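Participant: One structure is given below, represented as structure tokens, and several questions about it will come after.
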Amino acid sequence: MLSPSLPASGRTAGRGRACSSPALPAGGARPPLSRGAAAMATGRGRLKTFAARTGECSETVNAGIKSLYLTPPVKPKPRVRFESMPSEMLLKIFSYLDAVSLLAVGCVNKRFHELANDNGIWLKLYSSSLHPKWTVWKMKSKQTETVSLGCAALNDKKPGYWKKEYIFKQTSAFKTRVMRLVKFLDPYTGLPCKNKEAMKVSGLSWIIVLKDKNGKEHVVEKPNLSFKDTSVTVLWHGTDWPCLDILSTLKLFGVTPLLPDQSIPPNKNGPRRFSLIAEYHLANLTENSVVVGADELVQLFSLSPGLLVGIWKGKNEIAFVMANLHYNQLLERSILGSATIQYSPPPNKPLLDDIDSEYGLHDYSLHLDLHGRNCMYLCGSFKCLFCRKRDIENGYLRLRVVNLKDNRKHLPIIGTLGICWETDVFKGNVKDCFVMDLTLLDETGKPFWCFSAPVHMELSTKSSGLYDYMGHIYTADYADSEGPNNPATTKTSVNH
């Protein structure tokens with residue numbers, strides 16, 4: 001390769017491939033670089049240099065070239081992934097987690113699920129739960145001995161054995177604690193008087209699951225609760241309801257934390273237990289269900305037991321869903337069932353009078369509440385109810401609570417009957433209907449027949465026989481499909 005000669009002034013010649021002489025002018029200022037030298041200095045272009053004389057190269061430029069070619073590129077440090085850690089290290093980390101966190105970690109992937117089922121970790125949790133926290137320091141040596149003895153049998157148990165034992169133990173203790181609260185009965189209604197406290201302790205809530213014809217499920221949570229003396233009304237509303245045409249079933253569940261902790265509020269994303277309360281079929285809802293009432297915006301349809309579905313007028317879309325839950329065995333139905341099987345209460349058989357051959361059932365009492373979710377219209381109790389043996393036939397019994405002509409036992413209704421409803425935007429009140437809570441107690445004061453359901457009220461064609469009332473008479477008929485032994489019917493006459 002030829003090197004062009006440089007003029008005395010030091011300027012580059014040719015096509016800009018030569019660099020200037022390393023000698024500086026007398027003033028000390030560095031002359032401007034040519035295009036080739038600039039390209040070389042920035043790492044671009046061809047890295048070839050020529051000195052002022054043939055075969056003479058700038059040592060400074062060569063040093064820069066060597067540094068470009070010989071210096072290895074800086075590689076980023078490899079990141080340590082949590083999943084790539086050895087199993088021994090992961091087990092050590094998992095051993096510091098509590099039970100709820102372990103259950104959550106086990107849902108990450110298959111490997112974490114297997115490690116989170118380690119019997120050694122769960123045996124330690126199981127042993128530590130055998131004694132209260134304030135006595136752990138006293139029982140430390142005994143617990144250590146228990147764990148060491150248990151470790152000898154770890155290999156004999158399948159993975160996840162002690163996990164199941166721990167969950168079963170905690171669940172049993174939780175159910176015992178909650179059921180102990182519902183043993184305190186209200187002498188006026190015969191129902192548990194600490195329902196709210198029991199629900200708070202258990203972290204109980206209610207959800208509905210809508211299933212469409214393709215098998216897809218839509219979960220609706222965050223209901224509004226309205227507590228009464230004998231029932232609770234649960235209202236779900238929103239703006240993203242699926243179309244009613246594609247829905248097949250609606251399931252009502254009681255939901256509680258799998259491992260409740262009284263010091264920590266229930267976590268929606270944590271492990272939870274589902275208890276099926278009721279299942280409803282929504283196919284042809286507007287044709288197969290009972291119309292309770294309507295207003296300017298919605299139409300109400302009733303499904304047994306105790307479910308109310310509001311449909312927007314002119315549209316086949318759900319506005320809200322309202323469930324009326326009677327307190328009788330509500331905690332048992334919301335906690336003791338499973339995700340597929342409802343809680344089955346023990347059979348309730350009436351006690352017939354074995355002394356008087358004429359009496360069949362006696363000393364029964366009835367508690368009746370009429371309300372519209374937020375307001376109470378009527379609340380009354382009726383004592384000393386009885387029926388004769390001839391009034392018991394085919395599993396039915398007849399109890400006359402109030403005679404139409406006996407105005408001494410008639411109770412007044414306060415306000416205009418109607419069911420209040422609300423959504424995110426609208427509110428309304430459907431008139432001429434109400435929610436009826438009926439509680440029938442046997443001679444021992446135990447609930448014999450209970451329900452809470454929406455009822456429609458109609459104007460009766462009969463005239464009043466009371467000398468002090470000349471107004472209209474309204475009647476409300478309700479047939480319950482879940483009576484104590486067989487379906488039963490109640491008929492209520494309302495003077496309004």
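Ligands are numbered from 1 in the order shown, chains are lettered A, B, ... in the order of the structure tokens, and residues start at 1 in each chain.
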Mind checking which residues fall within 9 Å of Ser129 in chain A, counting only C-alpha atoms, ignoring those fewer than 4 positions away in the same chain, and posting them as a PyMOL selection string?
Facilitator: chain A and resi 124-125+133+166+170
Participant: Determine, using only C-alpha atoms, which residues of range 316-376 of chain A have any atom at most 10 Å from an atom of range 200-221 of chain A, and tabulate each with its shortest atom pair and distance in Å to one decimal place, rows ordered by chain and then rising number, as a Markdown table.
Facilitator:
| residue | atom | partner | partner_atom | distance |
| --- | --- | --- | --- | --- |
| A:Val321 | CA | A:Ile208 | CA | 8.9 |
| A:Ala323 | CA | A:Trp206 | CA | 9.7 |
| A:Leu331 | CA | A:Leu204 | CA | 8.7 |
| A:Ser334 | CA | A:Leu204 | CA | 7.8 |
| A:Ile335 | CA | A:Leu204 | CA | 8.1 |
Participant: List the spatial neighbours of range 91-106 of chain A as a list in words - criterion: any atom at most 10 Å away, only C-alpha atoms, same-chain residues fewer than 4 positions off excluded.
Facilitator: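 Result of the neighbour search: Pro86, Ser87, Lys110, Arg111, Phe112, His113, Glu114, Leu115, Ala116, Asn117, Asp118, Gly120, Ile121, Trp122, Lys124, Leu125, Tyr126, Lys163, Tyr166, Ile167, Pro257, Leu258, Leu259, Pro260, Asp261, Asn269, Gly270 and Pro271 of chain A.
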Participant: In terms of the shortest atom-to-atom distance over only C-alpha atoms, which of A:Gly293, A:Pro192, A:Gly160, A:Pro350 is closest to Pro454 in chain A?
Facilitator: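 Comparing A:Gly293, A:Pro192, A:Gly160, A:Pro350 against Pro454 in chain A, the winner is A:Gly293.
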Participant: Hey, what does DSSP flag as strand (DSSP E) within range 270-334 of chain A? Can you give it to me as a short mmCIF file (atom, residue, chain, number, x, y, z; two decimals) with N, CA and C atoms, in the first residue's frame?
Facilitator:
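Ended up saving to part27.cif:
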data_model
loop_
_atom_site.label_atom_id
_atom_site.label_comp_id
_atom_site.auth_asym_id
_atom_site.auth_seq_id
_atom_site.Cartn_x
_atom_site.Cartn_y
_atom_site.Cartn_z
N ARG A 272 -59.85 -20.59 49.71
CA ARG A 272 -61.17 -20.45 50.31
C ARG A 272 -61.93 -21.77 50.20
N ARG A 273 -62.93 -21.90 51.07
CA ARG A 273 -63.79 -23.08 51.10
C ARG A 273 -65.17 -22.67 50.61
N PHE A 274 -65.76 -23.49 49.72
CA PHE A 274 -67.07 -23.21 49.15
C PHE A 274 -68.08 -24.22 49.69
N SER A 275 -69.25 -23.71 50.04
CA SER A 275 -70.35 -24.55 50.50
C SER A 275 -71.59 -24.22 49.68
N LEU A 276 -72.06 -25.19 48.92
CA LEU A 276 -73.22 -24.98 48.06
C LEU A 276 -74.49 -24.86 48.90
N ILE A 277 -75.21 -23.75 48.71
CA ILE A 277 -76.46 -23.52 49.44
C ILE A 277 -77.66 -23.88 48.59
N ALA A 278 -77.69 -23.44 47.34
CA ALA A 278 -78.83 -23.73 46.46
C ALA A 278 -78.37 -23.61 45.02
N GLU A 279 -79.10 -24.28 44.14
CA GLU A 279 -78.83 -24.23 42.70
C GLU A 279 -80.15 -23.96 41.98
N TYR A 280 -80.12 -23.04 41.03
CA TYR A 280 -81.32 -22.62 40.32
C TYR A 280 -81.09 -22.77 38.81
N HIS A 281 -82.15 -23.11 38.10
CA HIS A 281 -82.10 -23.24 36.65
C HIS A 281 -82.67 -21.95 36.04
N VAL A 290 -92.14 -17.44 38.82
CA VAL A 290 -93.29 -16.67 39.29
C VAL A 290 -92.97 -15.18 39.22
N VAL A 291 -93.88 -14.41 38.65
CA VAL A 291 -93.72 -12.96 38.57
C VAL A 291 -94.20 -12.36 39.89
N VAL A 292 -93.30 -11.68 40.58
CA VAL A 292 -93.63 -11.08 41.87
C VAL A 292 -94.20 -9.68 41.70
N GLY A 293 -93.64 -8.91 40.80
CA GLY A 293 -94.10 -7.55 40.60
C GLY A 293 -93.20 -6.83 39.61
N ALA A 294 -93.50 -5.57 39.36
CA ALA A 294 -92.73 -4.77 38.41
C ALA A 294 -92.94 -3.30 38.71
N VAL A 298 -87.81 -2.36 36.12
CA VAL A 298 -87.48 -3.78 36.23
C VAL A 298 -88.74 -4.61 36.46
N GLN A 299 -88.59 -5.90 36.22
CA GLN A 299 -89.61 -6.89 36.52
C GLN A 299 -88.99 -7.97 37.38
N LEU A 300 -89.67 -8.36 38.46
CA LEU A 300 -89.12 -9.29 39.43
C LEU A 300 -89.66 -10.70 39.20
N PHE A 301 -88.73 -11.68 39.20
CA PHE A 301 -89.09 -13.09 39.06
C PHE A 301 -88.55 -13.85 40.27
N SER A 302 -89.40 -14.71 40.82
CA SER A 302 -89.06 -15.45 42.03
C SER A 302 -88.75 -16.90 41.69
N LEU A 303 -87.64 -17.41 42.26
CA LEU A 303 -87.25 -18.81 42.14
C LEU A 303 -87.12 -19.38 43.54
N LEU A 307 -85.05 -16.86 46.07
CA LEU A 307 -84.22 -16.06 45.16
C LEU A 307 -85.10 -15.14 44.33
N LEU A 308 -84.61 -13.93 44.14
CA LEU A 308 -85.34 -12.92 43.38
C LEU A 308 -84.40 -12.37 42.31
N VAL A 309 -84.84 -12.42 41.04
CA VAL A 309 -84.04 -11.95 39.92
C VAL A 309 -84.76 -10.77 39.28
N GLY A 310 -84.07 -9.63 39.19
CA GLY A 310 -84.62 -8.45 38.55
C GLY A 310 -84.15 -8.35 37.10
N ILE A 311 -85.09 -8.23 36.16
CA ILE A 311 -84.80 -8.16 34.73
C ILE A 311 -85.20 -6.77 34.23
N TRP A 312 -84.29 -6.15 33.47
CA TRP A 312 -84.60 -4.83 32.89
C TRP A 312 -85.76 -4.97 31.91
N ILE A 318 -80.04 -9.06 33.10
CA ILE A 318 -80.21 -9.05 34.55
C ILE A 318 -79.85 -7.68 35.11
N ALA A 319 -80.69 -7.17 35.98
CA ALA A 319 -80.39 -5.92 36.68
C ALA A 319 -79.76 -6.18 38.04
N PHE A 320 -80.27 -7.17 38.77
CA PHE A 320 -79.74 -7.53 40.08
C PHE A 320 -80.25 -8.91 40.46
N VAL A 321 -79.62 -9.49 41.46
CA VAL A 321 -80.05 -10.77 42.04
C VAL A 321 -80.11 -10.58 43.55
N MET A 322 -81.23 -11.02 44.15
CA MET A 322 -81.45 -10.86 45.58
C MET A 322 -81.78 -12.22 46.19
N ALA A 323 -81.04 -12.60 47.22
CA ALA A 323 -81.28 -13.86 47.93
C ALA A 323 -81.72 -13.54 49.36
N ASN A 324 -82.77 -14.21 49.80
CA ASN A 324 -83.28 -14.05 51.16
C ASN A 324 -82.97 -15.32 51.94
N LEU A 325 -82.10 -15.21 52.94
CA LEU A 325 -81.58 -16.37 53.67
C LEU A 325 -82.08 -16.32 55.11
N HIS A 326 -82.82 -17.35 55.47
CA HIS A 326 -83.32 -17.46 56.84
C HIS A 326 -82.20 -17.88 57.77
#
Participant: Interatomic distance between CA of Ser365 in chain A and CA of Lys183 in chain A?
Facilitator: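 Computing it gives 19.9 Å between the two atoms.
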Participant: Just asking: which residues within range 194-324 of chain A are alpha helix (DSSP H) according to DSSP, as a list in words?
Facilitator: Asn195, Lys196, Glu197, Ala198, Met199, Lys200, Val201, Ser202, Leu285, Thr286, Glu287 and Asn288 of chain A
Participant: I need the residue nearest Leu440 in chain A from this list: A:Met457, A:Leu285, A:Leu191, A:Val402. Use only C-alpha atoms for the distance.
Facilitator: A:Leu191
Participant: In Å, with one decimal, what is the gap from CA of Asp391 in chain A to CA of Leu361 in chain A?
Facilitator: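 Value for the CA of Asp391 in chain A-CA of Leu361 in chain A distance: 9.6 Å.
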Participant: Kindly indicate which residue among A:Asp295, A:Glu458, A:Asn374, A:Lys222 lies nearest to Asn429 in chain A, using only C-alpha atoms for the distances.
Facilitator: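 Checking each candidate against Asn429 in chain A, we get A:Asp295 as the closest.
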Participant: Please provide as a PDB file with N, CA, C and O atoms, in the first residue's frame all residues within 9 Å of Leu351 in chain A, with the sequence filter that same-chain residues fewer than 5 positions apart are discarded (counting only C-alpha atoms).
Facilitator:
ATOM      1  N   GLY A 360    -103.081 -33.755  68.105  1.00  0.00           N
ATOM      2  CA  GLY A 360    -101.974 -34.266  67.307  1.00  0.00           C
ATOM      3  C   GLY A 360    -100.700 -33.516  67.652  1.00  0.00           C
ATOM      4  O   GLY A 360     -99.739 -34.076  68.146  1.00  0.00           O
ATOM      5  N   LEU A 361    -100.691 -32.212  67.398  1.00  0.00           N
ATOM      6  CA  LEU A 361     -99.567 -31.340  67.721  1.00  0.00           C
ATOM      7  C   LEU A 361    -100.097 -30.149  68.491  1.00  0.00           C
ATOM      8  O   LEU A 361    -101.139 -29.590  68.147  1.00  0.00           O
ATOM      9  N   ASP A 442     -91.611 -25.737  67.401  1.00  0.00           N
ATOM     10  CA  ASP A 442     -92.395 -26.833  67.976  1.00  0.00           C
ATOM     11  C   ASP A 442     -92.572 -26.623  69.475  1.00  0.00           C
ATOM     12  O   ASP A 442     -92.195 -25.577  70.029  1.00  0.00           O
ATOM     13  N   GLU A 443     -93.092 -27.629  70.135  1.00  0.00           N
ATOM     14  CA  GLU A 443     -93.408 -27.487  71.567  1.00  0.00           C
ATOM     15  C   GLU A 443     -92.152 -27.377  72.428  1.00  0.00           C
ATOM     16  O   GLU A 443     -92.222 -26.884  73.561  1.00  0.00           O
TER      17      GLU A 443
END
Participant: Tell me, as a list in words, which residues lie within 10 Å of range 376-381 of chain A, counting only C-alpha atoms; anything in the same chain fewer than 5 positions away does not count.
Facilitator: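 Everything that qualifies: Tyr188, Thr189, Lys228, Asp229, Ser365, Leu366, His367, Leu368, Asp369, Leu370, His371, Val401, Lys409, His410, Leu411, Pro412, Ile413, Ile414, Gly415, Thr416, Leu417, Gly418, Phe434, Val435, Met436, Asp437, Thr439 and Leu440 of chain A.
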Participant: Restricting the output to C-alpha atoms, write the selected residues as a compact mmCIF listing (two decimals), in the first residue's frame.
Facilitator:
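Result written to part39.txt:
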# COMPACT_ATOMS: atom_id res chain seq x y z
CA TYR A 188 -88.26 -14.61 71.20
CA THR A 189 -87.53 -16.19 67.81
CA LYS A 228 -83.26 -8.50 60.01
CA ASP A 229 -84.39 -10.33 63.16
CA SER A 365 -95.57 -20.91 68.07
CA LEU A 366 -95.16 -18.81 64.96
CA HIS A 367 -92.99 -15.74 64.37
CA LEU A 368 -93.82 -13.70 61.26
CA ASP A 369 -91.88 -10.82 59.70
CA LEU A 370 -92.84 -8.85 56.60
CA HIS A 371 -90.21 -6.50 55.21
CA VAL A 401 -102.96 -18.93 63.35
CA LYS A 409 -105.03 -10.90 67.07
CA HIS A 410 -104.83 -8.83 63.92
CA LEU A 411 -101.57 -6.91 63.55
CA PRO A 412 -101.31 -3.59 61.70
CA ILE A 413 -99.06 -3.11 58.70
CA ILE A 414 -96.92 0.00 58.74
CA GLY A 415 -96.22 1.76 55.45
CA THR A 416 -96.86 0.77 51.84
CA LEU A 417 -95.74 -2.73 50.95
CA GLY A 418 -92.93 -3.00 48.43
CA PHE A 434 -92.75 -8.07 50.24
CA VAL A 435 -90.32 -10.57 51.77
CA MET A 436 -91.95 -12.91 54.28
CA ASP A 437 -89.88 -14.55 57.02
CA THR A 439 -90.42 -19.25 61.74
CA LEU A 440 -92.50 -22.08 63.17
Participant: Which of these residues is nearest to Gly395 in chain A, using only C-alpha atoms: A:Lys157, A:Lys349, A:Lys431, A:Lys251?
Facilitator: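 Among the listed residues, the smallest separation from Gly395 in chain A belongs to A:Lys349.
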